[in-house]
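Source file: work_13.cif. Holds: mmCIF, C-alpha atoms.
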```cif
data_entry
#
loop_
_atom_site.label_atom_id
_atom_site.label_comp_id
_atom_site.auth_asym_id
_atom_site.auth_seq_id
_atom_site.Cartn_x
_atom_site.Cartn_y
_atom_site.Cartn_z
CA MET A 1 -14.72 2.45 -4.21
CA SER A 2 -11.59 0.57 -5.28
CA GLN A 3 -11.27 -3.19 -5.14
CA LEU A 4 -8.06 -5.09 -4.46
CA VAL A 5 -7.70 -7.36 -7.46
CA ALA A 6 -4.69 -8.90 -9.14
CA ALA A 7 -3.47 -6.81 -12.05
CA PRO A 8 -3.39 -8.31 -15.54
CA GLU A 9 -0.11 -8.63 -17.35
CA ARG A 10 0.59 -5.48 -19.34
CA PRO A 11 3.18 -5.49 -22.13
CA LEU A 12 5.96 -2.93 -22.10
CA ALA A 13 5.19 0.22 -24.04
CA ARG A 14 6.75 0.10 -27.50
CA THR A 15 4.90 3.04 -29.04
CA LEU A 16 4.36 6.61 -27.91
CA ARG A 17 0.66 5.95 -27.42
CA GLU A 18 1.40 2.96 -25.22
CA ILE A 19 3.76 5.10 -23.12
CA VAL A 20 0.91 7.51 -22.39
CA HIS A 21 -1.32 4.64 -21.23
CA ASN A 22 1.39 2.82 -19.26
CA CYS A 23 2.49 6.01 -17.49
CA ASP A 24 -0.92 7.23 -16.31
CA LYS A 25 0.02 9.00 -13.09
CA ASP A 26 -3.56 9.06 -11.79
CA VAL A 27 -4.01 5.29 -11.56
CA PRO A 28 -2.53 3.62 -8.45
CA LEU A 29 -1.05 0.21 -9.18
CA ALA A 30 -3.14 -2.73 -8.04
CA SER A 31 -1.73 -5.62 -6.07
CA GLY A 32 0.55 -7.76 -8.20
CA ASP A 33 0.91 -5.19 -10.98
CA PRO A 34 4.23 -5.93 -12.74
CA ARG A 35 4.87 -2.21 -13.09
CA TRP A 36 5.46 -1.83 -9.34
CA GLN A 37 9.03 -1.10 -8.28
CA ASP A 38 10.22 -1.17 -4.68
CA LEU A 39 11.59 2.34 -4.06
CA SER A 40 12.09 2.04 -0.30
CA ALA A 41 15.91 1.95 -0.55
CA GLY A 42 15.79 5.30 -2.35
CA ARG A 43 13.31 6.79 0.08
CA GLY A 44 15.39 5.88 3.10
CA ASP A 45 12.38 4.94 5.23
CA ARG A 46 10.50 1.79 6.22
CA ALA A 47 7.02 3.23 6.43
CA THR A 48 5.26 0.41 4.60
CA LYS A 49 7.19 -2.34 6.39
CA MET A 50 6.39 -0.81 9.77
CA LEU A 51 2.71 -0.51 8.91
CA VAL A 52 2.56 -4.14 7.75
CA ARG A 53 4.27 -5.32 10.94
CA ASP A 54 1.93 -3.31 13.14
CA LEU A 55 -1.12 -4.65 11.34
CA GLU A 56 0.18 -8.20 11.68
CA ALA A 57 0.89 -7.66 15.39
CA ARG A 58 -2.58 -6.29 16.17
CA GLN A 59 -4.16 -8.00 19.14
CA GLU A 60 -7.68 -9.39 19.26
CA GLY A 61 -10.19 -6.66 20.04
CA GLN A 62 -7.75 -3.87 19.14
CA PHE A 63 -8.34 -1.46 16.27
CA ILE A 64 -5.47 0.22 14.42
CA HIS A 65 -6.22 3.77 13.32
CA ALA A 66 -3.28 4.91 11.20
CA ALA A 67 -2.24 7.98 9.21
CA PHE A 68 -0.06 7.20 6.19
CA VAL A 69 1.63 10.46 5.26
CA SER A 70 3.83 11.60 2.39
CA HIS A 71 4.17 14.28 -0.22
CA ARG A 72 1.49 14.12 -2.88
CA GLY A 73 2.85 12.21 -5.84
CA ALA A 74 5.32 10.12 -3.85
CA GLY A 75 3.42 6.90 -4.61
CA LYS A 76 1.39 6.65 -1.42
CA SER A 77 -1.75 5.16 -2.99
CA THR A 78 0.20 2.37 -4.66
CA GLU A 79 2.11 1.58 -1.45
CA ILE A 80 -1.09 1.38 0.58
CA ARG A 81 -2.46 -1.15 -1.88
CA ARG A 82 0.73 -3.15 -1.49
CA VAL A 83 0.28 -3.09 2.27
CA ALA A 84 -3.28 -4.35 1.90
CA SER A 85 -2.14 -7.21 -0.32
CA GLN A 86 0.56 -8.22 2.15
CA VAL A 87 -1.89 -8.53 5.04
CA GLU A 88 -4.80 -10.02 3.10
CA ALA A 89 -4.57 -13.30 5.04
CA ALA A 90 -5.61 -11.41 8.16
CA TYR A 91 -7.57 -8.46 6.74
CA HIS A 92 -10.24 -7.74 4.18
CA THR A 93 -9.65 -4.25 2.80
CA VAL A 94 -12.18 -1.73 1.50
CA ILE A 95 -10.63 1.30 -0.23
CA ILE A 96 -12.53 4.58 -0.55
CA GLU A 97 -11.08 7.23 -2.88
CA ALA A 98 -12.34 10.34 -1.15
CA THR A 99 -12.15 12.78 -4.06
CA ILE A 100 -14.11 10.37 -6.26
CA GLU A 101 -16.73 9.12 -3.82
CA MET A 102 -17.26 12.45 -2.06
CA ASP A 103 -17.09 16.17 -2.75
CA PRO A 104 -13.59 16.73 -4.20
CA LEU A 105 -13.29 20.13 -2.52
CA GLN A 106 -14.69 19.82 1.00
CA ILE A 107 -15.84 16.96 3.24
CA GLU A 108 -16.98 16.68 6.84
CA ALA A 109 -17.52 13.84 9.30
CA GLU A 110 -21.04 13.19 8.03
CA ASP A 111 -19.72 12.62 4.49
CA LEU A 112 -17.01 10.26 5.68
CA LEU A 113 -19.24 8.21 7.98
CA LEU A 114 -21.98 7.87 5.37
CA ASN A 115 -19.52 6.76 2.70
CA ILE A 116 -17.83 4.22 4.96
CA ALA A 117 -21.19 2.60 5.72
CA LEU A 118 -22.19 2.51 2.06
CA ALA A 119 -18.82 1.20 0.87
CA VAL A 120 -18.68 -1.61 3.42
CA GLU A 121 -22.29 -2.66 2.77
CA ALA A 122 -21.70 -2.69 -0.99
CA GLU A 123 -18.53 -4.75 -0.54
CA MET A 124 -20.40 -7.36 1.48
CA ARG A 125 -22.94 -7.68 -1.32
CA ARG A 126 -20.14 -8.02 -3.84
CA LEU A 127 -18.65 -10.84 -1.79
CA GLY A 128 -21.97 -12.67 -1.80
CA THR A 129 -22.48 -12.19 1.95
CA PRO A 130 -25.02 -9.36 2.16
CA LEU A 131 -25.74 -7.92 5.56
CA SER A 132 -28.94 -8.69 7.43
CA SER A 133 -31.98 -6.96 5.95
CA ASP A 134 -33.30 -6.40 9.49
CA LEU A 135 -30.17 -4.49 10.48
CA LEU A 136 -30.05 -2.51 7.29
CA GLY A 137 -33.71 -1.71 7.55
CA ARG A 138 -33.23 -0.32 11.06
CA VAL A 139 -30.37 1.87 9.89
CA GLU A 140 -32.31 3.22 6.96
CA LYS A 141 -35.41 3.78 9.11
CA TRP A 142 -33.35 5.81 11.59
CA PHE A 143 -31.85 7.88 8.78
CA ALA A 144 -35.25 8.49 7.16
CA GLU A 145 -36.76 9.63 10.45
CA VAL A 146 -33.89 12.04 11.11
CA VAL A 147 -33.99 13.76 7.72
CA ARG A 148 -37.69 13.52 6.90
CA SER A 149 -38.33 17.14 7.93
CA THR A 150 -35.87 18.47 5.33
CA GLN A 151 -37.05 19.89 2.04
CA TRP A 152 -34.83 17.40 0.21
CA ALA A 153 -36.38 14.32 1.90
CA GLN A 154 -39.89 15.63 1.38
CA GLY A 155 -39.20 16.11 -2.31
CA TYR A 156 -37.72 12.63 -2.53
CA SER A 157 -40.79 11.11 -0.85
CA ALA A 158 -43.00 12.90 -3.35
CA GLU A 159 -41.02 11.37 -6.23
CA ILE A 160 -41.50 7.88 -4.81
CA ALA A 161 -45.21 8.48 -4.31
CA ALA A 162 -45.45 9.55 -7.94
CA GLY A 163 -43.74 6.33 -9.03
CA ALA A 164 -40.51 7.99 -10.11
CA GLU A 165 -38.52 4.88 -9.24
CA GLY A 166 -40.95 2.48 -10.90
CA LYS A 167 -40.62 -1.08 -9.72
CA ILE A 168 -36.87 -1.37 -10.00
CA GLU A 169 -35.45 -3.40 -7.13
CA VAL A 170 -33.05 -1.15 -5.26
CA PRO A 171 -30.34 -2.67 -2.98
CA PHE A 172 -30.07 -1.62 0.65
CA LEU A 173 -29.38 2.06 1.09
CA GLY A 174 -29.82 2.37 -2.66
CA SER A 175 -32.83 4.57 -2.13
CA LEU A 176 -32.89 7.38 0.43
CA PHE A 177 -29.48 6.68 1.98
CA ALA A 178 -27.60 6.42 -1.31
CA GLN A 179 -29.43 9.44 -2.67
CA ALA A 180 -28.08 11.31 0.34
CA LYS A 181 -24.57 10.29 -0.71
CA ALA A 182 -25.16 11.81 -4.15
CA LEU A 183 -26.64 14.91 -2.53
CA MET A 184 -23.60 15.46 -0.31
CA LYS A 185 -21.19 15.22 -3.21
CA HIS A 186 -22.20 18.64 -4.57
CA GLU A 187 -22.76 21.98 -2.88
CA SER A 188 -26.43 22.95 -2.49
CA ASP A 189 -28.90 24.37 0.00
CA TYR A 190 -30.37 20.86 0.37
CA ARG A 191 -26.97 19.46 1.35
CA THR A 192 -26.46 22.17 3.96
CA GLU A 193 -29.87 21.45 5.47
CA VAL A 194 -29.32 17.66 5.64
CA LYS A 195 -25.88 18.06 7.20
CA GLN A 196 -27.20 20.45 9.81
CA ILE A 197 -29.80 17.88 10.82
CA LEU A 198 -27.26 15.03 10.99
CA LYS A 199 -24.93 17.14 13.14
CA LYS A 200 -27.63 17.11 15.82
CA TYR A 201 -27.32 13.31 16.13
CA PRO A 202 -23.57 12.56 16.06
CA GLY A 203 -23.77 9.64 18.46
CA SER A 204 -26.68 7.98 16.65
CA LEU A 205 -24.94 8.33 13.29
CA ILE A 206 -21.75 6.73 14.57
CA GLN A 207 -23.73 3.93 16.23
CA SER A 208 -25.54 3.20 12.97
CA VAL A 209 -22.25 3.06 11.06
CA ASN A 210 -20.72 0.83 13.74
CA ASP A 211 -23.70 -1.52 13.51
CA VAL A 212 -22.91 -1.91 9.80
CA LEU A 213 -19.20 -2.43 10.55
CA ASP A 214 -19.92 -5.03 13.25
CA ALA A 215 -22.23 -6.94 10.95
CA ALA A 216 -19.67 -6.88 8.14
CA GLN A 217 -16.93 -8.07 10.46
CA ALA A 218 -19.07 -11.05 11.45
CA THR A 219 -19.22 -12.24 7.83
CA LEU A 220 -15.45 -12.23 7.17
CA GLY A 221 -14.59 -15.62 8.60
CA GLY A 222 -12.04 -14.48 11.12
CA ARG A 223 -10.38 -11.79 9.02
CA ALA A 224 -10.51 -8.21 10.29
CA LEU A 225 -12.07 -5.35 8.38
CA LEU A 226 -9.61 -2.71 7.15
CA VAL A 227 -10.97 0.52 5.65
CA VAL A 228 -8.62 2.80 3.69
CA VAL A 229 -9.69 6.37 2.96
CA ASP A 230 -7.32 7.57 0.25
CA ASN A 231 -6.77 10.99 -1.39
CA LEU A 232 -7.40 12.97 1.79
CA ASP A 233 -4.10 14.78 1.15
CA ARG A 234 -5.75 16.52 -1.80
CA TYR A 235 -8.00 18.56 0.48
CA GLU A 236 -7.06 21.81 2.17
CA PRO A 237 -5.17 21.09 5.41
CA ALA A 238 -7.51 23.25 7.52
CA SER A 239 -10.55 21.16 6.60
CA MET A 240 -8.66 17.91 7.21
CA ASP A 241 -7.55 19.16 10.61
CA GLU A 242 -11.19 19.80 11.47
CA LEU A 243 -12.25 16.35 10.25
CA LEU A 244 -9.37 14.13 11.38
CA VAL A 245 -7.65 15.88 14.29
CA ALA A 246 -10.23 18.09 16.01
CA GLY A 247 -12.81 15.42 15.21
CA ALA A 248 -10.53 12.48 15.98
CA ASP A 249 -12.73 11.12 18.78
CA ARG A 250 -15.55 10.50 16.32
CA ILE A 251 -13.30 8.91 13.69
CA ARG A 252 -11.46 6.73 16.21
CA SER A 253 -14.76 5.48 17.65
CA LEU A 254 -15.36 3.54 14.43
CA ARG A 255 -15.15 -0.20 15.08
CA CYS A 256 -12.84 -1.10 12.22
CA ASN A 257 -9.17 -0.79 11.37
CA LEU A 258 -8.59 2.41 9.49
CA ILE A 259 -5.84 3.91 7.30
CA LEU A 260 -6.17 7.62 6.51
CA THR A 261 -4.05 9.76 4.17
CA PRO A 262 -4.01 13.32 5.55
CA PRO A 263 -1.94 16.21 4.17
CA ILE A 264 1.67 16.09 5.35
CA SER A 265 1.33 19.57 6.87
CA LEU A 266 -0.87 18.19 9.65
CA LEU A 267 2.13 16.20 10.84
CA LEU A 268 4.68 18.98 10.32
CA GLN A 269 2.70 21.88 11.77
CA PRO A 270 -0.09 20.73 14.09
CA ARG A 271 -3.16 22.93 14.27
CA SER A 272 -5.78 21.81 16.79
CA ALA A 273 -3.57 18.98 18.15
CA GLN A 274 -0.70 16.66 17.21
CA LEU A 275 -1.66 14.25 14.44
CA ASP A 276 0.57 11.54 15.90
CA ASP A 277 -1.20 11.89 19.25
CA ARG A 278 -4.44 10.91 17.54
CA TYR A 279 -3.22 8.25 15.10
CA ALA A 280 -0.26 5.95 14.55
CA CYS A 281 1.71 7.89 11.90
CA TYR A 282 3.81 6.40 9.11
CA ASP A 283 5.62 8.98 6.97
CA MET A 284 7.08 8.09 3.58
CA PHE A 285 9.74 10.25 1.95
CA THR A 286 10.46 11.21 -1.65
CA VAL A 287 13.15 9.18 -3.46
CA ARG A 288 16.50 10.87 -2.87
CA LEU A 289 18.55 11.57 -5.99
CA LYS A 290 21.42 13.68 -4.72
CA ASP A 291 23.57 14.43 -1.71
CA ARG A 292 22.26 17.07 0.66
CA LYS A 293 25.16 19.42 -0.13
CA SER A 294 24.90 19.16 -3.89
CA GLU A 295 23.10 21.89 -5.80
CA ARG A 296 22.55 19.72 -8.89
CA TYR A 297 20.00 16.94 -9.13
CA ASP A 298 21.88 15.34 -12.01
CA GLU A 299 24.88 14.71 -9.76
CA PHE A 300 23.26 11.49 -8.67
CA ASP A 301 24.06 10.02 -5.28
CA GLY A 302 22.66 6.79 -3.82
CA PRO A 303 20.34 4.20 -5.39
CA GLY A 304 17.50 6.59 -6.25
CA ARG A 305 18.42 7.21 -9.87
CA ASP A 306 18.72 3.51 -10.75
CA LEU A 307 15.52 2.60 -8.90
CA LEU A 308 13.50 5.18 -10.83
CA GLU A 309 14.99 3.98 -14.10
CA GLN A 310 13.97 0.44 -13.13
CA ALA A 311 10.46 1.73 -12.42
CA LEU A 312 10.33 3.13 -15.97
CA ALA A 313 11.74 -0.11 -17.37
CA ARG A 314 8.74 -1.95 -15.89
CA ARG A 315 6.46 0.20 -18.04
CA ILE A 316 8.47 1.03 -21.15
CA ASP A 317 10.90 -0.71 -23.49
CA LEU A 318 13.55 1.88 -22.69
CA ASP A 319 16.09 0.72 -25.26
CA LEU A 320 13.49 1.24 -27.95
CA MET A 321 11.52 4.26 -26.71
CA ILE A 322 14.06 6.28 -24.63
CA PRO A 323 17.34 4.92 -25.98
CA GLU A 324 19.67 7.73 -24.81
CA ARG A 325 20.86 7.48 -21.22
CA GLU A 326 21.28 11.26 -21.04
CA VAL A 327 17.59 11.69 -21.86
CA ARG A 328 16.58 9.24 -19.14
CA ASP A 329 18.82 11.03 -16.67
CA ARG A 330 17.27 14.37 -17.56
CA LEU A 331 13.76 13.01 -16.93
CA ILE A 332 14.73 11.40 -13.63
CA ALA A 333 16.60 14.44 -12.36
CA ALA A 334 13.75 16.76 -13.36
CA SER A 335 11.27 14.67 -11.35
CA GLY A 336 13.00 15.46 -8.07
CA GLY A 337 12.47 11.83 -7.06
CA GLY A 338 8.67 11.92 -7.24
CA ILE A 339 7.34 8.91 -9.12
CA ARG A 340 4.14 10.74 -10.08
CA GLU A 341 6.17 13.66 -11.41
CA LEU A 342 8.41 11.32 -13.41
CA LEU A 343 5.47 9.54 -15.02
CA ASP A 344 3.85 12.86 -15.87
CA LEU A 345 7.01 14.18 -17.55
CA VAL A 346 7.51 10.96 -19.55
CA SER A 347 3.88 10.96 -20.66
CA MET A 348 4.08 14.62 -21.69
CA ALA A 349 7.34 14.06 -23.60
CA ALA A 350 5.65 11.20 -25.48
CA ARG A 351 2.87 13.59 -26.51
CA PHE A 352 5.40 16.14 -27.75
CA ALA A 353 7.54 13.60 -29.63
CA ASP A 354 7.87 14.09 -33.39
CA GLY A 355 9.71 10.85 -34.10
CA PRO A 356 9.03 7.24 -33.08
CA ALA A 357 10.91 7.58 -29.75
CA ILE A 358 11.42 10.19 -27.03
CA GLY A 359 14.47 12.37 -27.62
CA GLU A 360 16.14 15.28 -25.89
CA ALA A 361 14.04 17.96 -27.59
CA ASP A 362 10.81 16.23 -26.60
CA VAL A 363 11.85 16.09 -22.96
CA GLU A 364 12.87 19.75 -22.95
CA HIS A 365 9.48 20.70 -24.41
CA ALA A 366 7.75 18.83 -21.58
CA ILE A 367 10.02 20.39 -18.96
CA ALA A 368 9.56 23.90 -20.37
CA ARG A 369 5.78 23.48 -20.12
CA ARG A 370 6.04 22.36 -16.51
CA LYS A 371 8.44 25.20 -15.60
CA GLN A 372 6.09 27.79 -17.09
CA ARG A 373 3.30 26.62 -14.80
CA LEU A 374 5.59 26.56 -11.78
CA ARG A 375 6.76 30.11 -12.47
CA ASP A 376 3.20 31.43 -12.70
CA GLN A 377 2.18 29.61 -9.52
CA ILE A 378 5.13 30.97 -7.54
CA ASN A 379 4.70 34.50 -8.90
CA ILE A 380 1.03 34.78 -8.05
CA ASN A 381 1.51 33.42 -4.53
CA GLY A 382 4.74 35.24 -3.66
CA TRP A 383 6.70 32.09 -2.81
CA TRP A 384 10.16 32.96 -4.16
CA ALA A 385 11.68 34.03 -0.83
CA VAL A 386 10.55 30.96 1.11
CA LEU A 387 11.78 28.64 -1.65
CA ARG A 388 15.20 30.31 -1.66
CA ASP A 389 15.38 29.89 2.12
CA ILE A 390 14.53 26.18 1.93
CA ALA A 391 17.16 25.65 -0.78
CA GLU A 392 19.81 27.36 1.36
CA THR A 393 19.02 25.84 4.77
CA LYS A 394 17.53 22.49 3.64
CA GLN A 395 14.92 22.96 6.38
CA ILE A 396 11.46 24.46 6.78
CA THR A 397 10.49 27.22 9.22
CA ASP A 398 7.36 28.53 10.92
CA ASP A 399 6.56 30.61 7.84
CA PRO A 400 3.05 29.47 6.72
CA LYS A 401 4.30 29.63 3.13
CA CYS A 402 6.51 26.62 3.85
CA LEU A 403 3.42 24.47 4.25
CA ALA A 404 1.96 25.91 1.06
CA VAL A 405 4.99 25.03 -1.08
CA LEU A 406 5.08 21.54 0.47
CA PHE A 407 1.37 21.04 -0.28
CA HIS A 408 1.93 22.03 -3.91
CA ARG A 409 5.07 19.86 -4.24
CA LEU A 410 7.39 22.81 -4.87
CA ALA A 411 9.58 21.59 -2.01
CA LEU A 412 10.17 17.98 -0.99
CA LYS A 413 11.39 16.06 2.05
CA TYR A 414 14.18 13.53 1.63
CA ASN A 415 15.60 10.55 3.44
CA GLY A 416 15.89 9.49 7.03
CA GLU A 417 17.94 12.61 7.85
CA GLY A 418 14.83 14.65 7.27
CA TRP A 419 16.17 17.40 5.02
CA TYR A 420 14.26 19.40 2.42
CA ASP A 421 14.99 20.90 -0.94
CA VAL A 422 13.13 22.74 -3.66
CA HIS A 423 11.82 20.98 -6.74
CA PRO A 424 14.66 20.82 -9.28
CA LEU A 425 12.64 22.63 -11.95
CA VAL A 426 12.04 25.49 -9.52
CA ALA A 427 15.81 25.74 -9.05
CA GLU A 428 16.22 26.03 -12.84
CA LEU A 429 13.98 29.09 -13.13
CA LYS A 430 16.01 32.26 -13.61
CA GLU A 431 13.81 34.12 -11.12
CA PHE A 432 14.85 31.67 -8.41
CA ARG A 433 18.41 32.99 -8.17
CA PRO A 434 18.69 36.50 -6.65
#
```
Can the structure in the file be given as structure tokens, please?
Amino acid sequence: MSQLVAAPERPLARTLREIVHNCDKDVPLASGDPRWQDLSAGRGDRATKMLVRDLEARQEGQFIHAAFVSHRGAGKSTEIRRVASQVEAAYHTVIIEATIEMDPLQIEAEDLLLNIALAVEAEMRRLGTPLSSDLLGRVEKWFAEVVRSTQWAQGYSAEIAAGAEGKIEVPFLGSLFAQAKALMKHESDYRTEVKQILKKYPGSLIQSVNDVLDAAQATLGGRALLVVVDNLDRYEPASMDELLVAGADRIRSLRCNLILTPPISLLLQPRSAQLDDRYACYDMFTVRLKDRKSERYDEFDGPGRDLLEQALARRIDLDLMIPEREVRDRLIAASGGGIRELLDLVSMAARFADGPAIGEADVEHAIARRKQRLRDQININGWWAVLRDIAETKQITDDPKCLAVLFHRLALKYNGEGWYDVHPLVAELKEFRP
């Protein structure tokens, strides 16, 4: 579970090693991090501003259940943390990183509900306002009674009877309930059995979670509880449709404000139902680098190029470590406008560098490595034809492969006009051109 804390000052990278640390693409920027750069002018949308305004305009007794959608790697996690910091006067935010706190491959409603309850309870303890032991005891008693017939619970009870836990004081839900969280994180026969039991009591499970949410809300001194479930876009769209869209009634019955991050394909090609019929949707685009009609990403158009350079300048002493403008342009163009992609390329070039700074050869080594992986991925999945079609029409079709290449960031959506194009490094592959 992530906490919203002010980021410490971090000096600009002036060595190759510091570049690698300052350009870690897997770490979202915390509130107040000096490395954050406003890219909204390059994206051509106002997704974050609209979400902030809607949160601020929420009426008493109303819950906002939102889906914040973008291509993976567009900077969604960082922007959500910025949103949380901007509304902190009215909201207390709890962030759950799904792929860390839960099974990184597959989750269901039982996983999500259990983790929300645990995360909120733990946050209340961290704030020094623990929830009532009577309430928590009732929740744990209900859970224990439901699962006690399972082989897993019987084995756990035997461990306690044998003194396996000793006399260590365990916080609420730190025993059976939290052990269930650990159980559900990894595939096993025990996990299947416990989930099957919980599925028989969907209403009771939701009520127990809502009891925890209500109690937490009462401790916040007038601020509303906001739960963010991040990284959901890393799961297969079919499973997220089952959890968030087909199962929307269960998720929306939670008595808290909620921001979810589903795969963009659920918005573009609905499966069981329209995502934006179930949640308020805010879609954030990739930073645009070129005009729609241009075939070259290094023929820069609009503010995107300069904004991404400014983002790098907040992390790196560019004059010292990437002194040649042409080298910076090559990195920015090769990213396709994705901030995650740009940071990854810069970090890789720093690892390849032979001298004290990043030069042209280092960047080309990093790009060649990335292109090799792209080629193999496209070859094995048979995606050449659909990518050529997207590049020609600047739109997607009902071909299921369109959603696949969007999920894997081989094609990207740009600007308020809503046009698409292939990743620039895909366009450079000789196999791409017929």
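Remark: for Asp249 in chain A, the closest of the candidate residues A:Asp283, A:Glu309, A:Asp233, A:Asp277 is A:Asp277 (distances computed over only C-alpha atoms).
Residues of protein, DNA and RNA with at least one atom no farther than 10 Å from (3.2, 0.4, 12.2) are, using all atoms listed in the file, Arg46, Ala47, Thr48, Lys49, Met50, Leu51, Val52, Arg53, Asp54, Leu55, Glu56, Ala57, Arg58, Ile64, Ala66, Ala67, Phe68, Ala280, Cys281 and Tyr282 of chain A.
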Between A:Leu220, A:Ile390, A:Ala117, A:Leu29, which residue has the minimum interatomic distance to Ala427 in chain A, considering all atoms listed in the file?
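Answer, going by the shortest atom-to-atom distance: A:Ile390.
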So that I can see what lies close to Arg296 in chain A, please list as a PyMOL selection string the residues with an atom at most 10 Å from it, counting all atoms listed in the file and leaving out residues fewer than 3 positions away in the same chain.
chain A and resi 289-293+299-300+333+424+427-428
Would you translate the PyMOL selection byres ((chain A and resi 21) around 12) into the concrete set of residues it matches in this file, as an NGL selection string?
:A and (10-20 or 22-27 or 315-316 or 343-344 or 346-348 or 350-351)
Might you spell out which residues the PyMOL selection byres ((chain A and resi 237) around 8) would select in the displayed file, as a short mmCIF file (atom, residue, chain, number, x, y, z; two decimals) with C-alpha atoms, in the frame of the given file?
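Output saved as part27.cif:
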```cif
data_model
loop_
_atom_site.label_atom_id
_atom_site.label_comp_id
_atom_site.auth_asym_id
_atom_site.auth_seq_id
_atom_site.Cartn_x
_atom_site.Cartn_y
_atom_site.Cartn_z
CA ASP A 233 -4.10 14.78 1.15
CA TYR A 235 -8.00 18.56 0.48
CA GLU A 236 -7.06 21.81 2.17
CA ALA A 238 -7.51 23.25 7.52
CA SER A 239 -10.55 21.16 6.60
CA MET A 240 -8.66 17.91 7.21
CA ASP A 241 -7.55 19.16 10.61
CA PRO A 262 -4.01 13.32 5.55
CA PRO A 263 -1.94 16.21 4.17
CA SER A 265 1.33 19.57 6.87
CA LEU A 266 -0.87 18.19 9.65
#
```
Using only C-alpha atoms, can you tell me which of A:Ala84, A:Leu39, A:Leu244, A:Leu183 comes closest to Glu108 in chain A?
A:Leu244
Residues matched by the PyMOL selection byres ((chain A and resi 257) around 9), written as a ChimeraX atom specification
/A:55,62-66,224-228,254-256,258-259
Shell around Ile116 in chain A at 9 Å using only C-alpha atoms, local window under 5 positions removed, as number ranges by chain
A: 94, 96, 111, 121, 209, 213, 227, 229
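Here the question is which of A:Trp384, A:Leu312, A:Ala404, A:Val287 gets nearest to Lys430 in chain A using only C-alpha atoms, and that residue is A:Trp384.
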Using Å and a single decimal, report how far CA of Asp38 in chain A sits from CA of His92 in chain A.
23.2 Å
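Taking CA of Ala311 in chain A and CA of Gln37 in chain A as endpoints, the distance between them is 5.2 Å.
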